[in-house]
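Just final_38.txt here, compact mmCIF, C-alpha atoms:
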# COMPACT_ATOMS: atom_id res chain seq x y z
CA MET A 1 25.18 -24.69 -36.87
CA ARG A 2 22.29 -22.31 -36.40
CA GLY A 3 23.22 -18.84 -35.12
CA LYS A 4 21.61 -16.49 -32.63
CA ALA A 5 19.79 -14.56 -35.39
CA TYR A 6 18.04 -17.75 -36.55
CA ILE A 7 17.08 -18.71 -33.01
CA LEU A 8 15.82 -15.21 -32.27
CA GLY A 9 13.73 -15.34 -35.45
CA LYS A 10 12.13 -18.60 -34.34
CA VAL A 11 11.35 -17.12 -30.94
CA LEU A 12 9.77 -14.08 -32.62
CA GLN A 13 7.65 -16.41 -34.78
CA GLN A 14 6.55 -18.18 -31.60
CA THR A 15 5.56 -14.83 -30.10
CA MET A 16 3.56 -13.89 -33.21
CA SER A 17 1.71 -17.19 -33.01
CA ARG A 18 0.76 -16.31 -29.41
CA GLN A 19 2.70 -19.23 -27.94
CA PRO A 20 4.11 -18.14 -24.56
CA VAL A 21 7.83 -17.39 -24.54
CA THR A 22 9.68 -19.43 -21.95
CA LEU A 23 12.82 -18.89 -19.92
CA LYS A 24 14.58 -21.44 -22.15
CA ASP A 25 13.56 -19.47 -25.26
CA LEU A 26 15.21 -16.32 -23.88
CA ALA A 27 18.32 -18.30 -22.99
CA LYS A 28 18.59 -19.81 -26.49
CA ALA A 29 18.11 -16.44 -28.18
CA LEU A 30 20.84 -14.85 -26.05
CA GLY A 31 23.23 -17.80 -26.08
CA VAL A 32 23.32 -18.16 -22.31
CA SER A 33 22.05 -20.71 -19.82
CA PRO A 34 18.47 -20.60 -18.42
CA SER A 35 19.91 -20.16 -14.93
CA THR A 36 21.76 -17.03 -16.11
CA VAL A 37 18.52 -15.60 -17.50
CA SER A 38 16.69 -16.46 -14.29
CA ARG A 39 19.30 -14.74 -12.11
CA ALA A 40 19.42 -11.71 -14.43
CA LEU A 41 15.64 -11.27 -14.20
CA LYS A 42 16.00 -11.37 -10.41
CA ASP A 43 18.67 -8.64 -10.50
CA SER A 44 21.26 -10.98 -8.96
CA HIS A 45 24.63 -9.41 -8.08
CA GLU A 46 26.28 -12.47 -9.71
CA ILE A 47 25.21 -11.29 -13.18
CA SER A 48 26.89 -8.38 -14.99
CA ASP A 49 24.91 -5.22 -15.72
CA ALA A 50 25.42 -5.73 -19.47
CA THR A 51 23.89 -9.22 -19.33
CA LYS A 52 21.00 -7.99 -17.17
CA GLN A 53 20.22 -5.22 -19.64
CA ALA A 54 20.30 -7.64 -22.59
CA VAL A 55 17.97 -10.07 -20.79
CA TRP A 56 15.54 -7.33 -19.67
CA ARG A 57 15.41 -5.77 -23.17
CA LEU A 58 14.68 -9.09 -24.87
CA ALA A 59 12.14 -10.10 -22.22
CA GLN A 60 10.32 -6.81 -22.74
CA LYS A 61 10.51 -7.08 -26.53
CA LEU A 62 9.07 -10.60 -26.53
CA ASP A 63 6.55 -9.84 -23.77
CA TYR A 64 7.98 -12.61 -21.61
CA GLN A 65 5.66 -13.51 -18.73
CA PRO A 66 7.07 -15.84 -16.08
CA ASN A 67 5.00 -18.87 -15.18
CA LEU A 68 4.44 -17.87 -11.56
CA ILE A 69 2.45 -20.97 -10.65
CA ALA A 70 5.21 -23.25 -11.90
CA GLN A 71 7.86 -21.16 -10.18
CA ARG A 72 6.04 -21.30 -6.87
CA LEU A 73 5.49 -25.05 -7.07
CA LEU A 74 9.11 -25.75 -7.98
CA SER A 75 10.70 -23.34 -5.55
CA ARG A 76 8.12 -23.63 -2.74
CA ARG A 77 8.04 -19.86 -2.58
CA SER A 78 5.12 -17.42 -2.64
CA TYR A 79 7.10 -14.71 -4.47
CA THR A 80 5.56 -12.23 -2.05
CA VAL A 81 7.42 -9.99 0.39
CA GLY A 82 5.75 -8.24 3.31
CA VAL A 83 6.69 -4.58 3.85
CA ILE A 84 5.75 -3.00 7.18
CA VAL A 85 5.99 0.79 7.65
CA PRO A 86 4.61 3.24 10.22
CA GLU A 87 2.68 5.34 7.67
CA ILE A 88 2.56 5.08 3.87
CA SER A 89 1.59 8.76 3.73
CA TYR A 90 5.04 9.79 5.00
CA PHE A 91 7.13 10.75 1.98
CA PHE A 92 10.14 8.94 3.40
CA ASN A 93 8.23 5.66 3.71
CA SER A 94 6.58 5.93 0.29
CA GLU A 95 9.97 6.61 -1.33
CA ALA A 96 11.53 3.66 0.50
CA ILE A 97 8.69 1.44 -0.70
CA ARG A 98 9.29 2.67 -4.26
CA GLY A 99 12.93 1.65 -3.95
CA ILE A 100 11.97 -1.78 -2.60
CA GLU A 101 9.40 -2.27 -5.35
CA ASP A 102 11.73 -1.24 -8.18
CA ILE A 103 14.21 -3.96 -7.18
CA LEU A 104 11.79 -6.73 -6.26
CA LEU A 105 9.40 -6.39 -9.20
CA LYS A 106 12.34 -7.11 -11.54
CA ALA A 107 13.04 -10.22 -9.48
CA GLY A 108 9.44 -11.44 -9.89
CA TYR A 109 8.16 -10.53 -6.43
CA ASN A 110 4.95 -8.85 -5.31
CA LEU A 111 4.67 -6.67 -2.22
CA THR A 112 2.12 -6.84 0.59
CA ILE A 113 2.28 -3.45 2.34
CA CYS A 114 1.15 -3.00 5.95
CA GLN A 115 0.93 0.10 8.16
CA THR A 116 1.44 0.10 11.92
CA HIS A 117 0.37 3.72 12.57
CA GLU A 118 3.20 3.65 15.15
CA SER A 119 1.41 0.85 17.06
CA TYR A 120 3.40 -2.05 18.54
CA SER A 121 0.35 -4.34 18.67
CA ARG A 122 -0.43 -3.71 14.99
CA GLU A 123 3.19 -4.46 14.11
CA VAL A 124 3.03 -7.82 15.90
CA GLN A 125 -0.29 -8.64 14.22
CA HIS A 126 1.07 -7.77 10.77
CA CYS A 127 4.10 -10.00 11.32
CA GLU A 128 1.89 -12.91 12.37
CA ASN A 129 -0.45 -12.45 9.41
CA LEU A 130 2.39 -12.22 6.91
CA LEU A 131 3.98 -15.39 8.26
CA ALA A 132 0.61 -17.18 8.14
CA ASN A 133 0.35 -16.18 4.47
CA ARG A 134 3.77 -17.73 3.77
CA VAL A 135 5.56 -14.62 2.57
CA ASP A 136 9.15 -15.20 1.49
CA GLY A 137 10.47 -12.41 3.68
CA ILE A 138 9.68 -9.25 5.62
CA ILE A 139 11.17 -5.77 5.23
CA SER A 140 10.20 -3.45 8.06
CA SER A 141 10.64 -0.05 9.66
CA ILE A 142 9.64 -0.56 13.27
CA SER A 143 6.88 1.37 15.01
CA GLY A 144 7.41 4.21 17.44
CA GLU A 145 5.95 2.12 20.29
CA THR A 146 8.07 -0.99 19.75
CA GLN A 147 10.38 -1.97 22.57
CA GLN A 148 9.81 -5.73 22.78
CA LEU A 149 11.43 -7.56 19.86
CA ALA A 150 10.20 -11.15 20.25
CA HIS A 151 8.11 -11.01 17.05
CA PHE A 152 11.21 -10.16 14.99
CA HIS A 153 13.21 -12.92 16.65
CA ARG A 154 10.45 -15.42 15.75
CA ILE A 155 10.76 -14.47 12.09
CA ARG A 156 14.49 -15.18 12.10
CA GLU A 157 14.01 -18.41 14.07
CA GLN A 158 11.69 -19.67 11.31
CA GLY A 159 14.39 -19.02 8.71
CA ILE A 160 12.43 -16.19 7.04
CA PRO A 161 14.60 -13.38 5.67
CA LEU A 162 14.15 -10.17 7.66
CA VAL A 163 15.55 -6.74 6.81
CA LEU A 164 15.02 -3.56 8.83
CA PHE A 165 15.40 -0.09 7.38
CA ASP A 166 15.51 3.44 8.86
CA ARG A 167 14.57 2.33 12.37
CA GLY A 168 15.80 -0.73 14.19
CA PHE A 169 19.52 -0.22 14.68
CA ASN A 170 19.03 -1.51 18.25
CA VAL A 171 17.73 -4.91 17.02
CA PRO A 172 20.60 -7.43 17.20
CA ASN A 173 21.50 -10.12 14.64
CA VAL A 174 19.29 -8.71 11.87
CA SER A 175 20.25 -7.24 8.50
CA LYS A 176 19.55 -3.53 8.40
CA VAL A 177 20.13 -0.42 6.33
CA MET A 178 20.24 2.87 8.23
CA ILE A 179 21.79 6.29 8.47
CA ASP A 180 24.09 7.54 11.21
CA ASN A 181 21.41 9.45 13.11
CA GLU A 182 23.81 10.79 15.72
CA GLU A 183 26.24 12.17 13.14
CA ALA A 184 23.43 13.68 11.03
CA ALA A 185 21.96 15.48 14.05
CA ALA A 186 25.37 16.73 15.17
CA THR A 187 25.96 18.16 11.68
CA GLY A 188 22.60 19.94 11.69
CA VAL A 189 22.99 21.43 15.17
CA ALA A 190 26.57 22.49 14.36
CA HIS A 191 25.12 24.41 11.38
CA LEU A 192 22.71 26.24 13.71
CA ILE A 193 25.55 27.07 16.08
CA GLY A 194 27.67 28.27 13.18
CA THR A 195 24.99 30.81 12.24
CA GLY A 196 25.05 32.33 15.74
CA CYS A 197 22.29 30.35 17.50
CA ARG A 198 23.04 29.50 21.13
CA ARG A 199 19.72 28.56 22.72
CA ILE A 200 18.80 25.59 20.54
CA ALA A 201 15.77 23.43 21.35
CA PHE A 202 15.19 19.87 20.13
CA LEU A 203 11.65 18.66 19.39
CA MET A 204 12.19 14.90 19.68
CA GLY A 205 9.03 13.10 18.64
CA PRO A 206 7.61 10.15 20.65
CA ALA A 207 9.37 9.09 23.83
CA ASN A 208 11.47 5.88 23.64
CA LEU A 209 11.90 6.15 19.85
CA PRO A 210 15.48 4.92 19.30
CA ILE A 211 16.24 7.30 16.42
CA ALA A 212 15.14 10.21 18.64
CA ASN A 213 17.60 9.13 21.31
CA ALA A 214 20.36 8.76 18.72
CA ARG A 215 19.66 12.22 17.34
CA LYS A 216 19.64 13.61 20.88
CA ARG A 217 23.15 12.26 21.33
CA GLY A 218 24.19 14.16 18.22
CA TYR A 219 22.47 17.28 19.51
CA LEU A 220 24.31 17.03 22.84
CA ARG A 221 27.61 16.33 21.09
CA ALA A 222 27.34 19.48 18.98
CA LEU A 223 26.46 21.59 22.05
CA GLU A 224 29.41 20.18 23.97
CA ALA A 225 31.79 20.81 21.06
CA ALA A 226 30.72 24.48 21.10
CA ALA A 227 30.92 24.71 24.91
CA ILE A 228 27.18 25.47 25.12
CA PRO A 229 25.62 24.16 28.36
CA PHE A 230 22.76 21.70 27.96
CA ASP A 231 19.39 22.98 29.22
CA PRO A 232 16.92 20.06 29.74
CA ALA A 233 14.01 22.50 29.35
CA LEU A 234 14.92 22.82 25.67
CA THR A 235 14.22 19.17 24.80
CA CYS A 236 10.60 18.14 24.37
CA HIS A 237 8.71 15.05 23.14
CA CYS A 238 5.65 15.14 20.87
CA GLN A 239 3.58 12.72 18.81
CA PHE A 240 3.87 12.35 15.03
CA SER A 241 0.08 12.48 14.65
CA GLY A 242 -2.37 15.23 15.59
CA ASP A 243 -1.03 18.78 15.55
CA MET A 244 2.43 17.77 14.26
CA GLY A 245 4.22 19.29 17.23
CA LEU A 246 2.41 22.64 17.24
CA ALA A 247 1.50 22.53 20.95
CA ALA A 248 4.98 21.38 21.96
CA ALA A 249 6.56 24.13 19.87
CA MET A 250 4.26 26.71 21.48
CA ARG A 251 5.44 25.59 24.93
CA LEU A 252 9.09 25.90 23.90
CA LEU A 253 8.59 29.34 22.36
CA ARG A 254 6.90 30.66 25.51
CA LEU A 255 9.99 29.92 27.60
CA SER A 256 11.94 32.86 28.94
CA PRO A 257 14.43 33.31 27.50
CA ARG A 258 12.95 31.69 24.42
CA PRO A 259 14.92 29.46 22.01
CA ASP A 260 16.61 31.12 19.06
CA ALA A 261 16.48 27.86 17.08
CA ILE A 262 14.47 24.62 17.06
CA PHE A 263 15.74 21.37 15.59
CA ALA A 264 12.75 19.14 14.74
CA ILE A 265 13.01 15.36 14.44
CA ASN A 266 11.36 15.46 11.01
CA ASP A 267 9.97 17.94 8.50
CA ARG A 268 6.36 17.35 9.55
CA ILE A 269 7.18 18.40 13.10
CA ALA A 270 9.09 21.37 11.65
CA LEU A 271 5.79 22.44 10.02
CA GLY A 272 4.29 22.61 13.50
CA VAL A 273 7.20 24.78 14.60
CA LEU A 274 6.67 27.18 11.67
CA ALA A 275 2.96 27.38 12.51
CA ALA A 276 3.77 28.17 16.16
CA ALA A 277 6.19 30.91 15.10
CA ARG A 278 3.47 32.50 12.94
CA LYS A 279 0.96 32.38 15.79
CA LEU A 280 3.42 34.17 18.08
CA GLY A 281 4.44 36.75 15.48
CA LEU A 282 8.02 35.49 15.26
CA ARG A 283 10.05 35.94 12.09
CA VAL A 284 11.90 32.94 10.62
CA PRO A 285 14.90 32.97 10.60
CA GLU A 286 15.45 36.46 12.10
CA ASP A 287 13.83 35.58 15.45
CA LEU A 288 13.87 31.80 15.19
CA SER A 289 15.83 29.36 13.03
CA VAL A 290 14.07 26.10 12.17
CA LEU A 291 15.78 22.89 11.03
CA GLY A 292 13.92 19.74 9.95
CA PHE A 293 14.92 16.21 8.97
CA ASN A 294 14.13 14.04 5.88
CA ASP A 295 13.86 16.69 3.11
CA GLU A 296 10.20 16.12 2.19
CA PRO A 297 9.24 17.52 -1.27
CA TYR A 298 7.24 20.41 0.21
CA SER A 299 10.24 21.60 2.26
CA ALA A 300 11.66 23.57 -0.67
CA LEU A 301 8.23 25.10 -1.47
CA LEU A 302 7.46 26.59 1.94
CA SER A 303 7.88 30.29 2.68
CA PRO A 304 10.45 30.47 4.11
CA SER A 305 11.80 27.27 2.58
CA LEU A 306 12.87 24.72 5.17
CA SER A 307 16.48 23.86 5.97
CA THR A 308 16.65 20.14 6.62
CA ILE A 309 18.77 16.99 6.56
CA LEU A 310 18.28 14.82 3.50
CA GLN A 311 17.77 11.15 4.28
CA PRO A 312 18.23 8.83 1.24
CA ALA A 313 14.84 7.05 1.34
CA TYR A 314 14.80 5.59 -2.19
CA PRO A 315 18.36 4.15 -2.04
CA MET A 316 17.59 2.82 1.43
CA GLY A 317 14.61 0.90 0.05
CA GLN A 318 16.66 -0.44 -2.85
CA GLU A 319 19.42 -1.67 -0.54
CA ALA A 320 16.89 -3.30 1.81
CA ALA A 321 15.45 -5.22 -1.16
CA ARG A 322 18.90 -6.32 -2.29
CA MET A 323 19.66 -7.53 1.24
CA PHE A 324 16.48 -9.63 1.15
CA LEU A 325 17.52 -11.20 -2.18
CA ARG A 326 21.01 -11.94 -0.86
CA GLN A 327 19.50 -13.66 2.17
CA LEU A 328 17.42 -15.85 -0.13
CA GLU A 329 20.52 -16.81 -2.12
CA ASP A 330 22.61 -17.53 0.98
CA PRO A 331 20.48 -18.13 4.12
CA ALA A 332 23.61 -18.95 6.14
CA ALA A 333 25.27 -15.60 5.46
CA PRO A 334 25.75 -13.38 8.54
CA PRO A 335 23.50 -10.30 8.95
CA GLU A 336 24.57 -7.19 7.04
CA VAL A 337 24.57 -3.59 8.23
CA ARG A 338 24.75 -0.72 5.74
CA ILE A 339 25.01 2.93 6.76
CA LEU A 340 23.96 5.42 4.05
CA GLN A 341 25.08 9.04 3.88
CA THR A 342 22.90 12.03 4.76
CA ARG A 343 23.32 15.63 3.57
CA LEU A 344 22.56 18.99 5.17
CA VAL A 345 20.30 21.08 2.90
CA VAL A 346 20.47 24.79 3.85
CA ARG A 347 17.50 26.94 2.82
CA GLU A 348 15.76 30.06 4.15
CA SER A 349 14.57 28.89 7.59
CA THR A 350 18.07 29.10 9.09
CA ARG A 351 20.29 32.16 9.18
CA GLY A 352 22.85 32.70 6.44
How does the structure come out when it is put into structure tokens?
Amino acid sequence: MRGKAYILGKVLQQTMSRQPVTLKDLAKALGVSPSTVSRALKDSHEISDATKQAVWRLAQKLDYQPNLIAQRLLSRRSYTVGVIVPEISYFFNSEAIRGIEDILLKAGYNLTICQTHESYSREVQHCENLLANRVDGIISSISGETQQLAHFHRIREQGIPLVLFDRGFNVPNVSKVMIDNEEAAATGVAHLIGTGCRRIAFLMGPANLPIANARKRGYLRALEAAAIPFDPALTCHCQFSGDMGLAAAMRLLRLSPRPDAIFAINDRIALGVLAAARKLGLRVPEDLSVLGFNDEPYSALLSPSLSTILQPAYPMGQEAARMFLRQLEDPAAPPEVRILQTRLVVRESTRG
């Protein structure tokens, strides 16, 4: 009986003669079934990590290229996934996309990436266009304007896998991967209180954004736990575009008495707060503590460096991609909800 070494040698000869290596060739060389190789290449949870590594190494060594046309005809799939985000330029979104891509490329999928620029109408249009182009699924972080959810319900009604990440915890009966925004905000505000701050403002971002409302609940919870009365004048909405919260921060810092800390809904808005403090001659953190959210790469490089709450963007993207693949394998499975952990990162912009 011919052994694996002989079979592998024949496959190598085939490669040298420029004949394309097939899925069956990989299976023969490894002594496993073609279906095992197929699932391993798609990063299926049913296949052990050791088997996946063996398949990926051999596929790379033999320059295996899947026959995408044949796959699409046989499976009636496009092997394309639509990814909808508010802005690709946001570090959080680009890292989440990287996580999605790293999982789905191994599974043989391409990504079509769309930006809403926080527009509900663009989000609806992107969903319609992606469905018209027969994508196999949609992974989305909803726009800041979105309140009506009919376009997401239509996707599910058509049997198309749908996964939401970061935003969208208020969308029912949909798989989603999120953080606990309320708990993360409560942890951050409790840190500010623990350093002696008592008049803490919250710069919330766009009105009606669900994550802003969740983080406000955490903000209020931390104040209540410390017996600090809530002052409505210390909460303020602003847009993510334009001056990144500079004007809103200026209004807050001109209050009398002025805030001794500002919690910003993300690090970009925190930049606007730092700029406002400089304009008014305030020292950070001596006169004003500043806390952001997301832990963008530049946060550690600012002067003073920015205290913030780390949100796990890359793992969130990976888990969203895995949820999509699980939906493909078992369309009847109930929706999943995964909550990932955040971490407070203390730097120079808050008191020691």
Quick one: residues within 9 Å of (8.0, 19.3, 21.3) (file frame), counting all atoms listed in the file, please, as a list in words.
-> Ala201, Phe202, Leu203, Met204, Gly205, Leu234, Thr235, Cys236, His237, Cys238, Gln239, Gly245, Leu246, Ala247, Ala248, Ala249, Met250, Arg251, Leu252, Ala264, Ile269 and Val273 of chain A
Could you write out that same residue set with C-alpha atoms as a PDB file, keeping the file's coordinate frame?
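Resulting contents of selection-v6.pdb:
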ATOM      1  CA  ALA A 201      15.770  23.430  21.350  1.00  0.00           C
ATOM      2  CA  PHE A 202      15.190  19.870  20.130  1.00  0.00           C
ATOM      3  CA  LEU A 203      11.650  18.660  19.390  1.00  0.00           C
ATOM      4  CA  MET A 204      12.190  14.900  19.680  1.00  0.00           C
ATOM      5  CA  GLY A 205       9.030  13.100  18.640  1.00  0.00           C
ATOM      6  CA  LEU A 234      14.920  22.820  25.670  1.00  0.00           C
ATOM      7  CA  THR A 235      14.220  19.170  24.800  1.00  0.00           C
ATOM      8  CA  CYS A 236      10.600  18.140  24.370  1.00  0.00           C
ATOM      9  CA  HIS A 237       8.710  15.050  23.140  1.00  0.00           C
ATOM     10  CA  CYS A 238       5.650  15.140  20.870  1.00  0.00           C
ATOM     11  CA  GLN A 239       3.580  12.720  18.810  1.00  0.00           C
ATOM     12  CA  GLY A 245       4.220  19.290  17.230  1.00  0.00           C
ATOM     13  CA  LEU A 246       2.410  22.640  17.240  1.00  0.00           C
ATOM     14  CA  ALA A 247       1.500  22.530  20.950  1.00  0.00           C
ATOM     15  CA  ALA A 248       4.980  21.380  21.960  1.00  0.00           C
ATOM     16  CA  ALA A 249       6.560  24.130  19.870  1.00  0.00           C
ATOM     17  CA  MET A 250       4.260  26.710  21.480  1.00  0.00           C
ATOM     18  CA  ARG A 251       5.440  25.590  24.930  1.00  0.00           C
ATOM     19  CA  LEU A 252       9.090  25.900  23.900  1.00  0.00           C
ATOM     20  CA  ALA A 264      12.750  19.140  14.740  1.00  0.00           C
ATOM     21  CA  ILE A 269       7.180  18.400  13.100  1.00  0.00           C
ATOM     22  CA  VAL A 273       7.200  24.780  14.600  1.00  0.00           C
TER      23      VAL A 273
END
Here CA of Ile97 (chain A) and CA of Phe240 (chain A) stand apart by 19.7 Å
Nearby residues, (29.1, 8.1, 2.8) file frame, 12 Å, only C-alpha atoms, as a PDB file with C-alpha atoms, keeping the file's coordinate frame:
ATOM      1  CA  MET A 178      20.240   2.870   8.230  1.00  0.00           C
ATOM      2  CA  ILE A 179      21.790   6.290   8.470  1.00  0.00           C
ATOM      3  CA  ASP A 180      24.090   7.540  11.210  1.00  0.00           C
ATOM      4  CA  GLU A 183      26.240  12.170  13.140  1.00  0.00           C
ATOM      5  CA  ALA A 184      23.430  13.680  11.030  1.00  0.00           C
ATOM      6  CA  GLN A 311      17.770  11.150   4.280  1.00  0.00           C
ATOM      7  CA  PRO A 312      18.230   8.830   1.240  1.00  0.00           C
ATOM      8  CA  ARG A 338      24.750  -0.720   5.740  1.00  0.00           C
ATOM      9  CA  ILE A 339      25.010   2.930   6.760  1.00  0.00           C
ATOM     10  CA  LEU A 340      23.960   5.420   4.050  1.00  0.00           C
ATOM     11  CA  GLN A 341      25.080   9.040   3.880  1.00  0.00           C
ATOM     12  CA  THR A 342      22.900  12.030   4.760  1.00  0.00           C
ATOM     13  CA  ARG A 343      23.320  15.630   3.570  1.00  0.00           C
TER      14      ARG A 343
END
Hey, can you check how far CA of Asn294 (chain A) sits from CA of Ser94 (chain A)?
-> 12.4 Å
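The nearest approach to Leu325 (chain A) among the residues A:Gly194, A:Pro20, A:Gly108, A:Pro34, with only C-alpha atoms taken into account, belongs to A:Gly108.
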May I have the residues within 6 Å of region 146-160 of chain A as a short mmCIF file (atom, residue, chain, number, x, y, z; two decimals) with C-alpha atoms, keeping the file's coordinate frame, using all atoms listed in the file and disregarding those fewer than 2 positions away in the same chain?
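Here's the written file result.cif:
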data_model
loop_
_atom_site.label_atom_id
_atom_site.label_comp_id
_atom_site.auth_asym_id
_atom_site.auth_seq_id
_atom_site.Cartn_x
_atom_site.Cartn_y
_atom_site.Cartn_z
CA TYR A 120 3.40 -2.05 18.54
CA GLY A 137 10.47 -12.41 3.68
CA SER A 143 6.88 1.37 15.01
CA GLY A 144 7.41 4.21 17.44
#
Provide the CA of Ile265 (chain A) to CA of Val177 (chain A) distance in Å, to one decimal place.
-> 19.1 Å
Selection near Ser349 (chain A), 12 Å with all atoms listed in the file, sequence-local residues under 4 positions removed, as an MDAnalysis selection string = chainID A and resid 192 195 260:263 267 270:271 273:274 277 283:292 299:308 345
Output the selection as a short mmCIF file (atom, residue, chain, number, x, y, z; two decimals), in the coordinates of the input - C-alpha atoms for each residue.
data_model
loop_
_atom_site.label_atom_id
_atom_site.label_comp_id
_atom_site.auth_asym_id
_atom_site.auth_seq_id
_atom_site.Cartn_x
_atom_site.Cartn_y
_atom_site.Cartn_z
CA LEU A 192 22.71 26.24 13.71
CA THR A 195 24.99 30.81 12.24
CA ASP A 260 16.61 31.12 19.06
CA ALA A 261 16.48 27.86 17.08
CA ILE A 262 14.47 24.62 17.06
CA PHE A 263 15.74 21.37 15.59
CA ASP A 267 9.97 17.94 8.50
CA ALA A 270 9.09 21.37 11.65
CA LEU A 271 5.79 22.44 10.02
CA VAL A 273 7.20 24.78 14.60
CA LEU A 274 6.67 27.18 11.67
CA ALA A 277 6.19 30.91 15.10
CA ARG A 283 10.05 35.94 12.09
CA VAL A 284 11.90 32.94 10.62
CA PRO A 285 14.90 32.97 10.60
CA GLU A 286 15.45 36.46 12.10
CA ASP A 287 13.83 35.58 15.45
CA LEU A 288 13.87 31.80 15.19
CA SER A 289 15.83 29.36 13.03
CA VAL A 290 14.07 26.10 12.17
CA LEU A 291 15.78 22.89 11.03
CA GLY A 292 13.92 19.74 9.95
CA SER A 299 10.24 21.60 2.26
CA ALA A 300 11.66 23.57 -0.67
CA LEU A 301 8.23 25.10 -1.47
CA LEU A 302 7.46 26.59 1.94
CA SER A 303 7.88 30.29 2.68
CA PRO A 304 10.45 30.47 4.11
CA SER A 305 11.80 27.27 2.58
CA LEU A 306 12.87 24.72 5.17
CA SER A 307 16.48 23.86 5.97
CA THR A 308 16.65 20.14 6.62
CA VAL A 345 20.30 21.08 2.90
#
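Considering the residues A:Ile200, A:Leu111, A:Ala313, A:Ile100 and counting all atoms listed in the file, Pro232 (chain A) has its shortest atom-to-atom contact with A:Ile200.
For Glu182 (chain A), the non-local neighbours within 9 Å, defined as residues at least 3 positions apart in the same chain or in other chains and counting all atoms listed in the file, are Ile179, Ala185, Ala186, Thr187, Ile211, Asn213, Ala214, Arg215, Lys216, Arg217, Gly218, Tyr219 and Arg221 of chain A.
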Would you mind completing region 115-119 of chain A so that it carries all heavy atoms, and writing it out as a compact mmCIF listing (two decimals), keeping the file's coordinate frame?
# COMPACT_ATOMS: atom_id res chain seq x y z
N GLN A 115 0.64 -1.09 7.38
CA GLN A 115 0.93 0.10 8.16
C GLN A 115 0.70 -0.18 9.64
O GLN A 115 -0.31 -0.78 10.01
CB GLN A 115 0.00 1.25 7.75
CG GLN A 115 0.11 1.67 6.30
CD GLN A 115 -0.80 2.85 6.02
OE1 GLN A 115 -0.44 4.00 6.19
NE2 GLN A 115 -2.02 2.55 5.60
N THR A 116 1.61 0.28 10.48
CA THR A 116 1.44 0.10 11.92
C THR A 116 0.79 1.31 12.58
O THR A 116 0.28 1.20 13.70
CB THR A 116 2.79 -0.14 12.62
OG1 THR A 116 3.61 1.04 12.47
CG2 THR A 116 3.51 -1.34 12.02
N HIS A 117 0.82 2.47 11.94
CA HIS A 117 0.37 3.72 12.57
C HIS A 117 1.06 3.91 13.92
O HIS A 117 0.45 4.35 14.88
CB HIS A 117 -1.16 3.74 12.71
CG HIS A 117 -1.87 3.59 11.40
ND1 HIS A 117 -1.89 4.58 10.44
CD2 HIS A 117 -2.57 2.54 10.87
CE1 HIS A 117 -2.58 4.16 9.39
NE2 HIS A 117 -2.99 2.93 9.62
N GLU A 118 2.33 3.53 13.97
CA GLU A 118 3.20 3.65 15.15
C GLU A 118 2.75 2.76 16.31
O GLU A 118 3.13 2.99 17.45
CB GLU A 118 3.30 5.11 15.62
CG GLU A 118 3.78 6.08 14.56
CD GLU A 118 5.25 5.91 14.18
OE1 GLU A 118 5.90 5.01 14.71
OE2 GLU A 118 5.73 6.69 13.34
N SER A 119 1.95 1.72 16.02
CA SER A 119 1.41 0.85 17.06
C SER A 119 2.20 -0.46 17.14
O SER A 119 2.32 -1.18 16.14
CB SER A 119 -0.06 0.55 16.78
OG SER A 119 -0.50 -0.56 17.55
